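Enquirer: File name data_27.json; file contents JSON, C-alpha atoms; full text below.
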[["chain", "number", "residue", "atom", "x", "y", "z"],
["A", 162, "MET", "CA", 0.00, 0.00, 0.00],
["A", 163, "ALA", "CA", 1.43, 3.39, -1.01],
["A", 164, "VAL", "CA", 1.79, 6.08, 1.66],
["A", 165, "ASN", "CA", 0.27, 9.41, 0.70],
["A", 166, "LEU", "CA", -1.46, 12.34, 2.42],
["A", 167, "SER", "CA", -4.83, 10.62, 2.43],
["A", 168, "ASN", "CA", -3.72, 7.68, 4.56],
["A", 169, "LEU", "CA", -1.14, 9.19, 6.97],
["A", 170, "LYS", "CA", -1.71, 8.34, 10.63],
["A", 171, "PRO", "CA", 0.34, 8.84, 13.80],
["A", 172, "ALA", "CA", 2.13, 5.77, 15.18],
["A", 173, "ARG", "CA", -0.12, 3.51, 17.25],
["A", 174, "GLY", "CA", -0.01, 4.52, 20.94],
["A", 175, "SER", "CA", 1.78, 7.82, 20.32],
["A", 176, "ARG", "CA", -1.37, 9.94, 20.74],
["A", 177, "HIS", "CA", -3.98, 9.75, 23.46],
["A", 178, "ARG", "CA", -7.14, 11.63, 24.29],
["A", 179, "LYS", "CA", -7.08, 14.60, 26.63],
["A", 180, "VAL", "CA", -8.65, 13.81, 30.01],
["A", 181, "ARG", "CA", -11.75, 15.98, 30.55],
["A", 182, "VAL", "CA", -11.98, 16.53, 34.29],
["A", 183, "GLY", "CA", -15.14, 17.49, 36.14],
["A", 184, "ARG", "CA", -17.50, 15.97, 33.56],
["A", 185, "GLY", "CA", -19.64, 13.70, 35.71],
["A", 186, "MET", "CA", -19.15, 10.67, 37.94],
["A", 187, "GLY", "CA", -18.83, 8.24, 35.04],
["A", 188, "SER", "CA", -15.63, 9.87, 33.81],
["A", 189, "LYS", "CA", -13.51, 8.83, 36.86],
["A", 190, "LEU", "CA", -12.64, 12.50, 37.47],
["A", 191, "GLY", "CA", -16.07, 13.95, 38.23],
["A", 192, "ARG", "CA", -17.23, 15.94, 41.29],
["A", 193, "THR", "CA", -13.89, 17.16, 42.77],
["A", 194, "ALA", "CA", -12.04, 16.78, 39.43],
["A", 195, "GLY", "CA", -9.02, 15.06, 41.03],
["A", 196, "LYS", "CA", -8.32, 17.94, 43.42],
["A", 197, "GLY", "CA", -9.27, 16.11, 46.62],
["A", 198, "ASN", "CA", -11.70, 17.49, 49.18],
["A", 199, "LYS", "CA", -12.09, 21.12, 50.16],
["A", 200, "GLY", "CA", -9.39, 23.52, 51.25],
["A", 201, "GLN", "CA", -7.36, 26.27, 49.63],
["A", 202, "LYS", "CA", -5.62, 24.02, 47.10],
["A", 203, "SER", "CA", -8.91, 22.75, 45.67],
["A", 204, "ARG", "CA", -10.23, 26.23, 44.88],
["A", 205, "LYS", "CA", -10.22, 27.91, 41.51],
["A", 206, "GLY", "CA", -7.34, 30.32, 40.89],
["A", 207, "TYR", "CA", -5.08, 28.89, 43.60],
["A", 208, "SER", "CA", -1.35, 29.29, 43.06],
["A", 209, "ARG", "CA", 1.21, 29.09, 45.83],
["A", 210, "ARG", "CA", 3.91, 31.76, 45.63],
["A", 211, "PRO", "CA", 7.60, 30.76, 45.74],
["A", 212, "GLY", "CA", 8.94, 30.43, 49.27],
["A", 213, "PHE", "CA", 5.50, 29.90, 50.86],
["A", 214, "GLU", "CA", 5.73, 27.57, 53.86],
["A", 215, "GLY", "CA", 2.09, 26.98, 54.75],
["A", 216, "GLY", "CA", 1.74, 30.04, 56.97],
["A", 217, "GLN", "CA", 4.95, 29.34, 58.90],
["A", 218, "MET", "CA", 7.37, 32.28, 58.90],
["A", 219, "PRO", "CA", 9.40, 31.75, 55.68],
["A", 220, "LEU", "CA", 13.13, 31.02, 55.88],
["A", 221, "ARG", "CA", 14.10, 34.23, 54.07],
["A", 222, "ARG", "CA", 12.28, 36.22, 56.79],
["A", 223, "ARG", "CA", 13.56, 34.14, 59.73],
["A", 224, "ILE", "CA", 17.25, 34.62, 58.89],
["A", 225, "PRO", "CA", 18.79, 37.89, 60.10],
["A", 226, "LYS", "CA", 19.81, 40.43, 57.49],
["A", 227, "ARG", "CA", 23.13, 42.21, 57.88],
["A", 228, "GLY", "CA", 24.86, 45.05, 56.08],
["A", 229, "PHE", "CA", 23.81, 47.09, 53.09],
["A", 230, "HIS", "CA", 22.62, 45.44, 49.88],
["A", 231, "ASN", "CA", 22.92, 47.85, 46.99],
["A", 232, "PRO", "CA", 19.98, 47.32, 44.60],
["A", 233, "SER", "CA", 21.81, 49.02, 41.73],
["A", 234, "ARG", "CA", 25.01, 46.97, 42.08],
["A", 235, "PHE", "CA", 26.69, 46.15, 38.77],
["A", 236, "GLU", "CA", 28.65, 42.91, 38.34],
["A", 237, "TYR", "CA", 31.65, 42.58, 36.04],
["A", 238, "ALA", "CA", 33.24, 39.45, 34.65],
["A", 239, "VAL", "CA", 36.84, 39.97, 35.83],
["A", 240, "VAL", "CA", 39.89, 39.03, 33.76],
["A", 241, "ASN", "CA", 43.43, 39.55, 35.06],
["A", 242, "VAL", "CA", 46.25, 40.69, 32.75],
["A", 243, "GLU", "CA", 48.29, 37.58, 33.65],
["A", 244, "SER", "CA", 45.61, 35.23, 32.28],
["A", 245, "LEU", "CA", 45.84, 37.00, 28.88],
["A", 246, "ASN", "CA", 49.26, 35.31, 28.40],
["A", 247, "ALA", "CA", 47.27, 32.29, 27.18],
["A", 248, "PHE", "CA", 46.76, 34.05, 23.82],
["A", 249, "THR", "CA", 49.40, 34.26, 21.08],
["A", 250, "ALA", "CA", 51.20, 37.52, 20.28],
["A", 251, "GLY", "CA", 49.33, 39.93, 17.98],
["A", 252, "GLU", "CA", 45.97, 38.28, 18.61],
["A", 253, "THR", "CA", 42.86, 40.43, 19.09],
["A", 254, "VAL", "CA", 41.14, 39.48, 22.34],
["A", 255, "THR", "CA", 37.33, 39.74, 22.18],
["A", 256, "PRO", "CA", 34.59, 38.67, 24.64],
["A", 257, "GLU", "CA", 33.77, 35.68, 22.40],
["A", 258, "LEU", "CA", 37.41, 34.57, 22.54],
["A", 259, "LEU", "CA", 37.49, 34.96, 26.33],
["A", 260, "ILE", "CA", 34.40, 32.75, 26.65],
["A", 261, "ALA", "CA", 35.81, 30.14, 24.26],
["A", 262, "SER", "CA", 39.06, 29.99, 26.27],
["A", 263, "GLY", "CA", 37.13, 29.64, 29.56],
["A", 264, "LEU", "CA", 38.41, 32.87, 31.16],
["A", 265, "ILE", "CA", 34.87, 34.20, 31.59],
["A", 266, "ARG", "CA", 31.57, 32.34, 31.75],
["A", 267, "GLU", "CA", 28.88, 34.41, 30.10],
["A", 268, "ALA", "CA", 28.63, 36.91, 27.27],
["A", 269, "ARG", "CA", 26.01, 39.13, 28.90],
["A", 270, "ALA", "CA", 28.30, 40.20, 31.78],
["A", 271, "ALA", "CA", 30.34, 43.36, 31.29],
["A", 272, "ILE", "CA", 34.08, 42.63, 31.20],
["A", 273, "LYS", "CA", 36.66, 44.39, 33.35],
["A", 274, "VAL", "CA", 40.39, 43.80, 32.86],
["A", 275, "LEU", "CA", 42.44, 44.09, 36.06],
["A", 276, "GLY", "CA", 46.19, 44.56, 36.32],
["A", 277, "ASP", "CA", 47.18, 41.51, 38.41],
["A", 278, "GLY", "CA", 50.36, 39.86, 37.08],
["A", 279, "GLU", "CA", 52.55, 40.66, 34.06],
["A", 280, "LEU", "CA", 51.76, 40.50, 30.33],
["A", 281, "LYS", "CA", 54.49, 38.94, 28.19],
["A", 282, "THR", "CA", 52.85, 39.17, 24.72],
["A", 283, "ALA", "CA", 51.63, 42.12, 22.64],
["A", 284, "LEU", "CA", 47.83, 41.85, 22.38],
["A", 285, "THR", "CA", 44.98, 44.03, 21.23],
["A", 286, "VAL", "CA", 42.38, 43.75, 23.98],
["A", 287, "ARG", "CA", 39.26, 44.88, 22.17],
["A", 288, "ARG", "CA", 35.74, 45.32, 23.40],
["A", 289, "ALA", "CA", 36.16, 45.19, 27.15],
["A", 290, "HIS", "CA", 33.89, 47.48, 29.14],
["A", 291, "LYS", "CA", 36.47, 48.68, 31.66],
["A", 292, "PHE", "CA", 40.19, 48.57, 32.35],
["A", 293, "SER", "CA", 41.99, 49.36, 35.57],
["A", 294, "LYS", "CA", 44.77, 51.94, 35.14],
["A", 295, "SER", "CA", 47.48, 49.38, 35.89],
["A", 296, "ALA", "CA", 45.99, 46.89, 33.37],
["A", 297, "GLU", "CA", 45.87, 49.56, 30.65],
["A", 298, "GLU", "CA", 49.47, 50.50, 31.45],
["A", 299, "LYS", "CA", 50.74, 46.90, 31.34],
["A", 300, "ILE", "CA", 49.00, 46.13, 28.03],
["A", 301, "THR", "CA", 50.42, 49.24, 26.32],
["A", 302, "ARG", "CA", 53.89, 48.61, 27.87],
["A", 303, "ALA", "CA", 53.87, 45.10, 26.35],
["A", 304, "GLY", "CA", 53.16, 46.67, 22.93],
["A", 305, "GLY", "CA", 49.42, 46.00, 22.82],
["A", 306, "LYS", "CA", 46.37, 48.22, 22.35],
["A", 307, "VAL", "CA", 43.29, 48.85, 24.47],
["A", 308, "GLU", "CA", 39.80, 49.52, 23.10],
["A", 309, "VAL", "CA", 36.99, 50.36, 25.51],
["A", 310, "LEU", "CA", 33.35, 49.50, 24.85],
["A", 311, "PRO", "CA", 30.81, 52.21, 25.74]]
When written as structure tokens, how does the structure in this file appear?
Expert:
Amino acid sequence: MAVNLSNLKPARGSRHRKVRVGRGMGSKLGRTAGKGNKGQKSRKGYSRRPGFEGGQMPLRRRIPKRGFHNPSRFEYAVVNVESLNAFTAGETVTPELLIASGLIREARAAIKVLGDGELKTALTVRRAHKFSKSAEEKITRAGGKVEVLP
């Protein structure tokens, strides 16, 4: 028998009917529709918020808070000058290259180059968001160039 559009069917057992809850006692899921008996969880529109502990004081409120937590804090992915020695001389270092080499984890973080260690190769460090003064100095002293992203 030739297969064409008029006789295509899904594989046997791959599709099953949607269970219609609350459609009478004969349907196995009538009356309470599988929600059990009474209470908040059986009501329409119920959704428990994250961290809810059944009325008990939640953990995040029980633990003491200390210090100041700056809501507008900005995180940088930090790269030290010494770790840039992994690249060959004359290479242009970009965020994509830093991720590929495993020096930073994610592309969406802003990159800051810090001046810890010594740079032995001349590199063009392009498209980093910030440089410390010592890092900028060490890269230019090694014969490289620095390009800052806005």
Enquirer: Counting only C-alpha atoms, give me one row per residue of range 202-303 of chain A with an atom at most 12 Å from an atom of range 171-194 of chain A, showing the shortest contact pair and its distance in Å to one decimal, sorted by chain then residue number, as CSV.
Expert:
residue,atom,partner,partner_atom,distance
A:Lys202,CA,A:Thr193,CA,11.6
A:Ser203,CA,A:Thr193,CA,8.0
A:Arg204,CA,A:Thr193,CA,10.0
A:Lys205,CA,A:Thr193,CA,11.4
Enquirer: Contacts of Leu284 in chain A at 7 Å or less, counting all atoms listed in the file, minus same-chain residues fewer than 6 places along, as a PyMOL selection string?
Expert: chain A and resi 250-253+305-306
Enquirer: Output the selection as a PDB file, in the coordinates of the input - C-alpha atoms for each residue.
Expert:
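Generated output (result_24.pdb):
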ATOM      1  CA  ALA A 250      51.200  37.520  20.280  1.00  0.00           C
ATOM      2  CA  GLY A 251      49.330  39.930  17.980  1.00  0.00           C
ATOM      3  CA  GLU A 252      45.970  38.280  18.610  1.00  0.00           C
ATOM      4  CA  THR A 253      42.860  40.430  19.090  1.00  0.00           C
ATOM      5  CA  GLY A 305      49.420  46.000  22.820  1.00  0.00           C
ATOM      6  CA  LYS A 306      46.370  48.220  22.350  1.00  0.00           C
TER       7      LYS A 306
END
Enquirer: Work out how far apart CA of Asp277 in chain A and CA of Ala247 in chain A are and give it in Å to one decimal.
Expert: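 Distance between the two atoms: 14.5 Å.
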Enquirer: Please identify all polymer residues lying at most 12 Å from the point (41.5, 49.8, 28.5) (file coordinates), using all atoms listed in the file, and present the result as a compact mmCIF listing (two decimals) with C-alpha atoms, in the coordinates of the input.
Expert:
# COMPACT_ATOMS: atom_id res chain seq x y z
CA VAL A 242 46.25 40.69 32.75
CA ILE A 272 34.08 42.63 31.20
CA LYS A 273 36.66 44.39 33.35
CA VAL A 274 40.39 43.80 32.86
CA LEU A 275 42.44 44.09 36.06
CA GLY A 276 46.19 44.56 36.32
CA LEU A 284 47.83 41.85 22.38
CA THR A 285 44.98 44.03 21.23
CA VAL A 286 42.38 43.75 23.98
CA ARG A 287 39.26 44.88 22.17
CA ARG A 288 35.74 45.32 23.40
CA ALA A 289 36.16 45.19 27.15
CA HIS A 290 33.89 47.48 29.14
CA LYS A 291 36.47 48.68 31.66
CA PHE A 292 40.19 48.57 32.35
CA SER A 293 41.99 49.36 35.57
CA LYS A 294 44.77 51.94 35.14
CA SER A 295 47.48 49.38 35.89
CA ALA A 296 45.99 46.89 33.37
CA GLU A 297 45.87 49.56 30.65
CA GLU A 298 49.47 50.50 31.45
CA LYS A 299 50.74 46.90 31.34
CA ILE A 300 49.00 46.13 28.03
CA THR A 301 50.42 49.24 26.32
CA GLY A 305 49.42 46.00 22.82
CA LYS A 306 46.37 48.22 22.35
CA VAL A 307 43.29 48.85 24.47
CA GLU A 308 39.80 49.52 23.10
CA VAL A 309 36.99 50.36 25.51
CA LEU A 310 33.35 49.50 24.85
CA PRO A 311 30.81 52.21 25.74
Enquirer: May I have the residues within 9 Å of Gly278 in chain A as a VMD selection string, using only C-alpha atoms and disregarding those fewer than 6 positions away in the same chain?
Expert: chain A and resid 241 to 244
Enquirer: Have a look at CA of Leu280 in chain A and CA of Arg302 in chain A and let me know their distance in Å, one decimal.
Expert: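 Computing the Euclidean distance for CA of Leu280 in chain A and CA of Arg302 in chain A yields 8.7 Å.
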Enquirer: Work out how far apart CA of Arg209 in chain A and CA of Lys196 in chain A are and give it in Å to one decimal.
Expert: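 We find that CA of Arg209 in chain A and CA of Lys196 in chain A lie 14.9 Å from each other.
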Enquirer: Rank nothing, just name the residue among A:Val164, A:Phe248, A:Ile224, A:Glu214 nearest to Ala261 in chain A, using only C-alpha atoms.
Expert: A:Phe248
Enquirer: In the coordinate frame of the file, compute which residues have an atom within 12 Å of (32.8, 37.1, 29.0) when using all atoms listed in the file, and state them as a tab-separated table (two decimals) with C-alpha atoms, keeping the file's coordinate frame.
Expert:
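Result written to part14.tsv:
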chain	number	residue	atom	x	y	z
A	236	GLU	CA	28.65	42.91	38.34
A	237	TYR	CA	31.65	42.58	36.04
A	238	ALA	CA	33.24	39.45	34.65
A	239	VAL	CA	36.84	39.97	35.83
A	240	VAL	CA	39.89	39.03	33.76
A	254	VAL	CA	41.14	39.48	22.34
A	255	THR	CA	37.33	39.74	22.18
A	256	PRO	CA	34.59	38.67	24.64
A	257	GLU	CA	33.77	35.68	22.40
A	258	LEU	CA	37.41	34.57	22.54
A	259	LEU	CA	37.49	34.96	26.33
A	260	ILE	CA	34.40	32.75	26.65
A	261	ALA	CA	35.81	30.14	24.26
A	262	SER	CA	39.06	29.99	26.27
A	263	GLY	CA	37.13	29.64	29.56
A	264	LEU	CA	38.41	32.87	31.16
A	265	ILE	CA	34.87	34.20	31.59
A	266	ARG	CA	31.57	32.34	31.75
A	267	GLU	CA	28.88	34.41	30.10
A	268	ALA	CA	28.63	36.91	27.27
A	269	ARG	CA	26.01	39.13	28.90
A	270	ALA	CA	28.30	40.20	31.78
A	271	ALA	CA	30.34	43.36	31.29
A	272	ILE	CA	34.08	42.63	31.20
A	273	LYS	CA	36.66	44.39	33.35
A	274	VAL	CA	40.39	43.80	32.86
A	288	ARG	CA	35.74	45.32	23.40
A	289	ALA	CA	36.16	45.19	27.15
A	290	HIS	CA	33.89	47.48	29.14
